[in-house]
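work.cif follows; it contains mmCIF, C-alpha atoms.
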```cif
data_query
loop_
_atom_site.label_atom_id
_atom_site.label_comp_id
_atom_site.auth_asym_id
_atom_site.auth_seq_id
_atom_site.Cartn_x
_atom_site.Cartn_y
_atom_site.Cartn_z
CA MET Z 246 71.29 103.35 72.03
CA LYS Z 247 74.18 102.11 69.87
CA SER Z 248 76.07 105.35 70.47
CA LYS Z 249 75.56 105.07 74.23
CA ALA Z 250 76.69 101.43 74.24
CA LYS Z 251 79.77 102.34 72.21
CA THR Z 252 80.61 105.14 74.64
CA LEU Z 253 80.33 102.77 77.61
CA ILE Z 254 82.55 100.19 75.92
CA VAL Z 255 85.21 102.83 75.23
CA GLU Z 256 85.02 104.15 78.80
CA TYR Z 257 85.36 100.75 80.43
CA ALA Z 258 88.15 99.82 78.01
CA GLN Z 259 90.03 102.90 79.24
CA ILE Z 260 89.47 101.79 82.84
CA VAL Z 261 90.98 98.40 81.98
CA ILE Z 262 94.00 99.98 80.28
CA GLY Z 263 94.49 102.57 83.02
CA SER Z 264 94.26 99.94 85.76
CA PHE Z 265 96.85 97.75 84.06
CA ILE Z 266 99.29 100.63 83.57
CA GLY Z 267 98.82 101.71 87.19
CA ALA Z 268 99.42 98.16 88.41
CA LEU Z 269 102.68 97.98 86.44
CA SER Z 270 103.89 101.16 88.14
CA LEU Z 271 103.47 99.44 91.51
CA THR Z 272 104.85 95.99 90.81
CA MET Z 273 107.75 96.95 88.53
CA PHE Z 274 108.89 100.23 90.10
CA LEU Z 275 107.39 101.50 93.34
CA VAL Z 276 106.63 98.55 95.67
CA PRO Z 277 109.94 96.67 95.14
CA ASN Z 278 111.84 99.87 96.00
CA LYS Z 279 109.67 100.72 99.04
CA VAL Z 280 108.40 103.93 97.46
CA ALA Z 281 104.95 104.38 99.01
CA ALA Z 282 103.65 107.19 96.79
CA GLY Z 283 100.51 107.95 98.80
CA GLY Z 284 97.05 106.49 98.47
CA LEU Z 285 95.87 103.08 99.55
CA SER Z 286 98.56 101.62 97.28
CA GLY Z 287 101.14 103.39 99.46
CA LEU Z 288 99.46 102.20 102.63
CA ALA Z 289 99.29 98.68 101.19
CA THR Z 290 103.01 98.90 100.40
CA VAL Z 291 103.76 99.74 104.03
CA LEU Z 292 101.56 96.87 105.25
CA TYR Z 293 103.24 94.50 102.80
CA TYR Z 294 106.66 95.11 104.31
CA LEU Z 295 105.33 95.07 107.88
CA PHE Z 296 103.07 92.02 107.72
CA LYS Z 297 103.70 90.45 104.28
CA LEU Z 298 100.12 91.16 103.23
CA PRO Z 299 99.62 91.05 99.42
CA VAL Z 300 99.42 94.58 98.04
CA GLY Z 301 96.57 94.00 95.60
CA TRP Z 302 94.18 92.28 97.98
CA THR Z 303 95.02 94.70 100.78
CA MET Z 304 94.00 97.62 98.55
CA LEU Z 305 90.74 95.84 97.73
CA VAL Z 306 89.82 95.28 101.38
CA LEU Z 307 90.69 98.85 102.38
CA ASN Z 308 88.62 100.24 99.51
CA ILE Z 309 85.31 98.67 100.52
CA PRO Z 310 84.15 101.54 102.82
CA LEU Z 311 84.78 104.06 100.03
CA PHE Z 312 82.35 102.45 97.60
CA VAL Z 313 79.46 103.95 99.50
CA ALA Z 314 80.93 107.44 99.16
CA ALA Z 315 81.30 106.96 95.39
CA VAL Z 316 77.60 106.19 94.99
CA VAL Z 317 76.41 108.93 97.36
CA PHE Z 318 78.55 111.83 96.12
CA LEU Z 319 79.46 110.99 92.53
CA GLY Z 320 76.46 109.03 91.32
CA LYS Z 321 75.70 105.39 90.63
CA GLY Z 322 77.54 105.42 87.31
CA VAL Z 323 80.77 106.48 88.95
CA GLY Z 324 80.14 104.01 91.77
CA ILE Z 325 80.04 101.16 89.26
CA LYS Z 326 83.15 102.43 87.52
CA THR Z 327 84.86 102.72 90.88
CA ILE Z 328 84.04 99.12 91.72
CA VAL Z 329 85.33 97.96 88.33
CA GLY Z 330 88.45 100.13 88.56
CA THR Z 331 89.26 99.03 92.09
CA LEU Z 332 88.75 95.34 91.31
CA LEU Z 333 90.87 95.55 88.16
CA PHE Z 334 93.61 97.59 89.82
CA SER Z 335 93.86 95.05 92.67
CA LEU Z 336 93.63 92.08 90.30
CA PHE Z 337 96.25 93.40 87.88
CA THR Z 338 98.55 94.23 90.81
CA GLU Z 339 98.42 90.62 91.96
CA MET Z 340 98.70 89.26 88.39
CA THR Z 341 101.82 91.33 87.68
CA ALA Z 342 103.41 90.76 91.08
CA GLY Z 343 105.86 88.30 89.52
CA PHE Z 344 106.92 90.64 86.73
CA PRO Z 345 110.64 91.52 86.71
CA VAL Z 346 111.69 94.64 88.59
CA VAL Z 347 112.93 97.11 86.00
CA THR Z 348 115.37 98.99 88.23
CA THR Z 349 116.62 99.14 91.79
CA ASP Z 350 117.84 102.70 91.35
CA LEU Z 351 115.61 104.75 93.65
CA LEU Z 352 115.55 107.84 91.47
CA LEU Z 353 114.71 105.95 88.27
CA ALA Z 354 112.06 103.89 90.06
CA THR Z 355 110.54 107.04 91.53
CA VAL Z 356 110.42 108.97 88.26
CA TYR Z 357 109.20 106.21 85.98
CA GLY Z 358 106.88 104.73 88.60
CA GLY Z 359 105.34 108.16 89.15
CA ILE Z 360 104.89 108.73 85.42
CA LEU Z 361 103.25 105.35 84.85
CA LEU Z 362 101.00 105.76 87.87
CA GLY Z 363 99.93 109.21 86.67
CA ILE Z 364 99.18 107.95 83.17
CA GLY Z 365 97.13 105.04 84.47
CA LEU Z 366 95.09 107.07 86.94
CA GLY Z 367 94.71 109.97 84.51
CA ILE Z 368 93.17 107.69 81.89
CA ILE Z 369 90.71 106.36 84.46
CA PHE Z 370 89.82 109.82 85.79
CA ARG Z 371 89.05 111.08 82.27
CA VAL Z 372 86.02 108.79 82.14
CA ARG Z 373 84.99 109.67 85.72
CA GLY Z 374 86.26 106.38 87.04
CA SER Z 375 88.48 105.66 90.03
CA THR Z 376 90.65 103.03 91.61
CA GLY Z 377 89.33 104.01 95.04
CA GLY Z 378 91.43 105.10 97.97
CA THR Z 379 92.57 108.69 98.20
CA ASP Z 380 92.05 108.91 94.44
CA LEU Z 381 88.33 108.62 95.11
CA ALA Z 382 88.54 111.05 98.02
CA ALA Z 383 90.28 113.55 95.70
CA MET Z 384 87.51 113.16 93.11
CA ILE Z 385 84.92 113.90 95.80
CA LEU Z 386 86.92 116.95 96.89
CA ASN Z 387 87.14 118.14 93.26
CA HIS Z 388 83.38 117.61 92.93
CA PHE Z 389 82.71 120.10 95.76
CA ILE Z 390 85.69 122.41 95.16
CA PRO Z 391 86.42 122.46 91.39
CA SER Z 392 89.28 124.92 91.90
CA ILE Z 393 91.28 122.10 93.49
CA SER Z 394 92.33 119.75 90.71
CA ILE Z 395 92.28 116.01 91.23
CA GLY Z 396 96.08 115.95 91.17
CA GLN Z 397 96.30 118.62 93.85
CA GLY Z 398 93.67 116.85 95.94
CA ILE Z 399 95.62 113.63 95.88
CA MET Z 400 98.76 115.42 97.02
CA ILE Z 401 96.93 117.03 99.95
CA ILE Z 402 95.15 113.88 101.09
CA ASP Z 403 98.17 111.58 100.70
CA PHE Z 404 100.39 113.64 102.99
CA PHE Z 405 99.78 111.40 106.01
CA VAL Z 406 100.36 108.18 104.06
CA ILE Z 407 103.84 109.36 103.09
CA ILE Z 408 104.54 110.44 106.66
CA LEU Z 409 103.64 106.90 107.71
CA SER Z 410 106.03 105.48 105.12
CA GLY Z 411 108.77 107.73 106.49
CA ILE Z 412 108.18 106.40 109.99
CA THR Z 413 108.10 102.79 108.76
CA PHE Z 414 110.94 102.81 106.22
CA SER Z 415 113.09 105.94 106.33
CA TRP Z 416 112.69 109.65 105.77
CA GLU Z 417 114.85 109.37 102.68
CA LEU Z 418 112.37 106.94 101.13
CA ALA Z 419 109.55 109.25 102.19
CA MET Z 420 111.23 112.06 100.24
CA TYR Z 421 111.38 109.82 97.18
CA ALA Z 422 107.71 109.06 97.71
CA TRP Z 423 106.95 112.79 97.65
CA ILE Z 424 108.74 113.06 94.31
CA ALA Z 425 106.75 110.14 92.87
CA LEU Z 426 103.51 111.66 94.17
CA PHE Z 427 104.34 115.06 92.68
CA ILE Z 428 105.17 113.52 89.29
CA SER Z 429 102.03 111.36 89.20
CA SER Z 430 99.86 114.34 90.20
CA LYS Z 431 101.26 116.48 87.39
CA VAL Z 432 100.85 113.69 84.85
CA ILE Z 433 97.25 113.17 85.97
CA ASP Z 434 96.53 116.86 85.38
CA ILE Z 435 98.12 116.69 81.92
CA ILE Z 436 96.02 113.66 80.97
CA GLN Z 437 92.90 115.35 82.36
CA GLU Z 438 93.43 118.73 80.71
CA GLY Z 439 94.82 117.44 77.43
CA PHE Z 440 98.05 117.99 75.54
CA ASN Z 441 96.70 120.67 73.23
CA TYR Z 442 98.37 123.65 74.90
CA ALA Z 443 97.64 127.01 73.28
CA LYS Z 444 97.76 130.72 74.11
CA ALA Z 445 94.86 133.09 74.69
CA VAL Z 446 95.70 136.67 73.77
CA TYR Z 447 93.82 139.80 74.87
CA ILE Z 448 94.70 142.95 72.94
CA ILE Z 449 93.67 146.39 74.19
CA SER Z 450 94.32 149.07 71.59
CA ASN Z 451 92.90 152.07 69.79
CA GLU Z 452 93.71 150.27 66.53
CA THR Z 453 91.74 147.06 67.11
CA GLU Z 454 90.12 147.21 63.66
CA ALA Z 455 93.45 147.36 61.86
CA ILE Z 456 94.97 144.68 64.09
CA SER Z 457 91.99 142.37 63.60
CA GLN Z 458 92.22 142.68 59.82
CA ARG Z 459 95.87 141.69 59.85
CA ILE Z 460 95.22 138.71 62.15
CA LEU Z 461 92.43 137.52 59.85
CA SER Z 462 94.44 137.95 56.66
CA ASP Z 463 98.02 137.19 57.73
CA MET Z 464 97.38 134.45 60.31
CA GLN Z 465 94.04 133.03 59.19
CA ARG Z 466 92.90 133.05 62.80
CA GLY Z 467 89.47 133.95 64.10
CA LEU Z 468 88.99 136.47 66.86
CA THR Z 469 86.33 138.05 69.04
CA PHE Z 470 85.58 141.67 69.87
CA LEU Z 471 84.84 142.23 73.55
CA LYS Z 472 83.20 145.45 74.68
CA ALA Z 473 85.09 147.20 77.48
CA GLU Z 474 85.38 150.53 79.26
CA GLY Z 475 88.62 152.26 80.15
CA GLY Z 476 89.13 152.48 83.89
CA PHE Z 477 90.80 155.91 83.71
CA THR Z 478 89.18 157.53 80.66
CA ARG Z 479 85.77 155.84 81.04
CA GLN Z 480 85.67 155.60 77.27
CA ASP Z 481 84.17 152.63 75.43
CA LYS Z 482 86.71 150.53 73.58
CA ASN Z 483 87.12 147.11 71.98
CA VAL Z 484 89.29 144.32 73.32
CA LEU Z 485 90.40 141.61 70.92
CA LEU Z 486 90.43 137.98 72.07
CA CYS Z 487 92.35 135.51 69.95
CA VAL Z 488 93.43 131.92 70.67
CA ILE Z 489 96.57 130.82 68.87
CA THR Z 490 99.20 128.09 69.01
CA ARG Z 491 102.50 128.64 70.79
CA MET Z 492 104.30 128.79 67.44
CA GLU Z 493 102.18 131.78 66.42
CA VAL Z 494 102.90 133.99 69.44
CA SER Z 495 105.87 135.81 67.90
CA LYS Z 496 104.00 136.49 64.67
CA LEU Z 497 101.01 137.91 66.53
CA LYS Z 498 103.22 140.13 68.71
CA ASN Z 499 104.91 141.52 65.61
CA ILE Z 500 101.57 142.30 64.01
CA VAL Z 501 100.39 144.14 67.11
CA TYR Z 502 103.64 146.05 67.56
CA GLN Z 503 103.80 147.10 63.89
CA THR Z 504 100.19 148.31 63.97
CA ASP Z 505 100.10 149.93 67.41
CA PRO Z 506 103.34 150.00 69.48
CA ARG Z 507 101.35 151.33 72.46
CA ALA Z 508 98.90 148.38 72.52
CA PHE Z 509 98.40 146.52 75.81
CA VAL Z 510 98.70 142.74 75.30
CA ILE Z 511 97.93 139.94 77.75
CA ILE Z 512 99.01 136.37 76.92
CA HIS Z 513 98.22 133.33 79.05
CA ASP Z 514 98.20 129.55 78.74
CA VAL Z 515 95.18 127.57 77.61
CA HIS Z 516 95.37 123.86 78.38
CA GLU Z 517 92.73 122.58 75.98
CA VAL Z 518 91.02 124.17 73.00
CA LEU Z 519 88.00 122.67 71.25
CA GLY Z 520 86.74 124.24 68.05
CA GLU Z 521 87.61 125.26 64.52
CA GLY Z 522 91.33 125.40 63.90
CA PHE Z 523 92.08 123.25 66.92
CA THR Z 524 90.36 120.00 67.97
CA TYR Z 525 86.88 118.67 68.46
CA LYS Z 526 85.63 116.31 71.14
CA ASN Z 527 82.46 114.28 71.06
CA ASP Z 528 81.08 113.79 74.57
#
```

Translate the structure described by the file into structure tokens.
Amino acid sequence: MKSKAKTLIVEYAQIVIGSFIGALSLTMFLVPNKVAAGGLSGLATVLYYLFKLPVGWTMLVLNIPLFVAAVVFLGKGVGIKTIVGTLLFSLFTEMTAGFPVVTTDLLLATVYGGILLGIGLGIIFRVRGSTGGTDLAAMILNHFIPSISIGQGIMIIDFFVIILSGITFSWELAMYAWIALFISSKVIDIIQEGFNYAKAVYIISNETEAISQRILSDMQRGLTFLKAEGGFTRQDKNVLLCVITRMEVSKLKNIVYQTDPRAFVIIHDVHEVLGEGFTYKND
């Protein structure tokens, strides 16, 4: 029970922090420069300049119909977190509305506003929370189609909001909004997937035993033997799988080349690695 309570406290603390950071991106960078970077915050920005409606409270009112979707599709726990996140995001936006505008340079406002917005939303998404709006719609889309990341979902769904901002303000500002949306989406994905980038290496060779011994002794890295069959020869063979850091790629390639110059090597990115030699995560 204590562990569960501690987990909840940490999760809701992250929602508070993420909401505050997201609010700062609006009030200090995006809204003052008319950069409507998608979502209900972008729509609220447009309405603010058209009708002088407060951005924070406008977001809150527009979010009400989406609460039902949060409970139905993502569970009651996420529904509660969505309510908390939406309330805090709107409240912090109004509380920080009087904060000084950091820059009036459109490019700087777009870049730094997008980064802050991505950090704030990414922190919230990591604990399955939301600030509502198209963020919530993107989470629902990701729930049904996991191949579409939350960042990509936001970009798809927010297309029409940015078109509206282009009609209302100017197409130049709409283009800046696209840049801010792209940046925030990428930052969200980074926060979601983690910063622990590594490389997964598959080695197909007739000298897998010798290569594996050198990896174990020279690099102190674990590896796995995968059973495979040659497509042309139909002969059984071993494939080595090894996960290493980016700094170790050159060393591993040298080991493979020195042992078997004809080896077939596949290297691809791994965004997060949990386990011995890397990091652990307690869920």

Test item: residues at most 8 Å from region 392-409 of chain Z, all atoms listed in the file, excluding those fewer than 3 positions along its chain, as a PyMOL selection string = chain Z and resi 281-284+287-288+379-380+382-384+386-387+412-413+419+422-423+426-427+429-431+433-434

inquiry  = Can you tell me which residues surround Thr327 (chain Z) at a distance of at most 9 Å, considering all atoms listed in the file, apart from same-chain residues fewer than 6 positions away, and format the answer as a ChimeraX atom specification?
reply    = /Z:312,315,373-377,381

message = Selection in question (the file shown): the PyMOL selection byres ((chain Z and resi 470) around 12). Which residues does it include, as a ChimeraX atom specification?
response = /Z:446-450,453-454,456-457,467-469,471-473,482-487

List as a PDB file with C-alpha atoms, in the coordinates of the input the protein and nucleic acid residues near region 493-499 of chain Z, meaning an atom at most 10 Å away when all atoms listed in the file are counted, but skip any in the same chain fewer than 3 places from it.
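The result, written out as selection_16.pdb:
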```pdb
ATOM      1  CA  ALA Z 443      97.640 127.010  73.280  1.00  0.00           C
ATOM      2  CA  LYS Z 444      97.760 130.720  74.110  1.00  0.00           C
ATOM      3  CA  ALA Z 445      94.860 133.090  74.690  1.00  0.00           C
ATOM      4  CA  VAL Z 446      95.700 136.670  73.770  1.00  0.00           C
ATOM      5  CA  ILE Z 448      94.700 142.950  72.940  1.00  0.00           C
ATOM      6  CA  ILE Z 456      94.970 144.680  64.090  1.00  0.00           C
ATOM      7  CA  ARG Z 459      95.870 141.690  59.850  1.00  0.00           C
ATOM      8  CA  ILE Z 460      95.220 138.710  62.150  1.00  0.00           C
ATOM      9  CA  ASP Z 463      98.020 137.190  57.730  1.00  0.00           C
ATOM     10  CA  MET Z 464      97.380 134.450  60.310  1.00  0.00           C
ATOM     11  CA  CYS Z 487      92.350 135.510  69.950  1.00  0.00           C
ATOM     12  CA  VAL Z 488      93.430 131.920  70.670  1.00  0.00           C
ATOM     13  CA  ILE Z 489      96.570 130.820  68.870  1.00  0.00           C
ATOM     14  CA  THR Z 490      99.200 128.090  69.010  1.00  0.00           C
ATOM     15  CA  TYR Z 502     103.640 146.050  67.560  1.00  0.00           C
ATOM     16  CA  GLN Z 503     103.800 147.100  63.890  1.00  0.00           C
ATOM     17  CA  THR Z 504     100.190 148.310  63.970  1.00  0.00           C
ATOM     18  CA  ASP Z 505     100.100 149.930  67.410  1.00  0.00           C
ATOM     19  CA  PRO Z 506     103.340 150.000  69.480  1.00  0.00           C
ATOM     20  CA  VAL Z 510      98.700 142.740  75.300  1.00  0.00           C
ATOM     21  CA  ILE Z 512      99.010 136.370  76.920  1.00  0.00           C
TER      22      ILE Z 512
END
```

note = The distance between CA of Leu285 (chain Z) and CA of Glu438 (chain Z) is 24.6 Å

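Computed from the coordinates, the CA of Leu361 (chain Z) to CA of Gly343 (chain Z) distance equals 17.9 Å.
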
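Coordinates place CA of Thr341 (chain Z) at a distance of 14.1 Å from CA of Val261 (chain Z).
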
Selection result of the PyMOL selection byres ((chain Z and resi 340) around 10) on this file, as a list in words =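 That expression, the PyMOL selection byres ((chain Z and resi 340) around 10), corresponds here to Phe265, Ala268, Leu269, Thr272, Gly301, Phe334, Ser335, Leu336, Phe337, Thr338, Glu339, Thr341, Ala342, Gly343 and Phe344 of chain Z.
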
Atoms to include: C-alpha atoms. Write the selected residues as a short mmCIF file (atom, residue, chain, number, x, y, z; two decimals), in the coordinates of the input.
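Below you can see out_4.cif, which holds the result:
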```cif
data_model
loop_
_atom_site.label_atom_id
_atom_site.label_comp_id
_atom_site.auth_asym_id
_atom_site.auth_seq_id
_atom_site.Cartn_x
_atom_site.Cartn_y
_atom_site.Cartn_z
CA PHE Z 265 96.85 97.75 84.06
CA ALA Z 268 99.42 98.16 88.41
CA LEU Z 269 102.68 97.98 86.44
CA THR Z 272 104.85 95.99 90.81
CA GLY Z 301 96.57 94.00 95.60
CA PHE Z 334 93.61 97.59 89.82
CA SER Z 335 93.86 95.05 92.67
CA LEU Z 336 93.63 92.08 90.30
CA PHE Z 337 96.25 93.40 87.88
CA THR Z 338 98.55 94.23 90.81
CA GLU Z 339 98.42 90.62 91.96
CA THR Z 341 101.82 91.33 87.68
CA ALA Z 342 103.41 90.76 91.08
CA GLY Z 343 105.86 88.30 89.52
CA PHE Z 344 106.92 90.64 86.73
#
```

From Z:Lys279, Z:Lys326, Z:Arg371, Z:His388, residue lying nearest Ala354 (chain Z) [all atoms listed in the file] =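 The closest residue to Ala354 (chain Z) is Z:Lys279.
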
request  = For the structure shown, which residues end up in the PyMOL selection byres ((chain Z and resi 308) around 8)? Put them as a list in words, please?
outcome  = Leu285, Met304, Leu305, Val306, Leu307, Ile309, Pro310, Leu311, Phe312, Thr331, Gly377 and Gly378 of chain Z

query = Nearest to His516 (chain Z) among Z:Ile328, Z:Ile435, Z:Val346, Z:Leu271, with distances taken over all atoms listed in the file: which residue is it?
reply =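 Closest to His516 (chain Z) of all the choices is Z:Ile435.
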
request  = Considering only C-alpha atoms, return as a list in words whatever protein or nucleic-acid residues lie within 7 Å of region 362-367 of chain Z, sequence-local ones (same chain, fewer than 6 positions apart) excluded.
outcome  =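 Near region 362-367 of chain Z, the qualifying residues are Gly263, Ser264, Ile266, Gly267, Ser270, Ser429, Ser430, Val432, Ile433, Ile436 and Gln437 of chain Z.
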
ask   = Between Z:Ala250, Z:Ala258, Z:Ala314, Z:Leu275, which is the closest to Tyr421 (chain Z) once you count all atoms listed in the file?
value = Z:Leu275

key: Counting only C-alpha atoms, the residue of Z:Val518, Z:Ala425, Z:Met246, Z:Ile511 that sits nearest Val276 (chain Z)   = Z:Ala425

key: Among the residues Z:Thr478, Z:Pro277, Z:Met492, Z:Glu256, the one that comes closest to Thr349 (chain Z) [using only C-alpha atoms]   = Z:Pro277

query = Between Z:Pro391, Z:Val515, Z:Thr303, Z:Phe509, which one has atoms that come closest to Glu452 (chain Z), using only C-alpha atoms?
reply = Z:Phe509
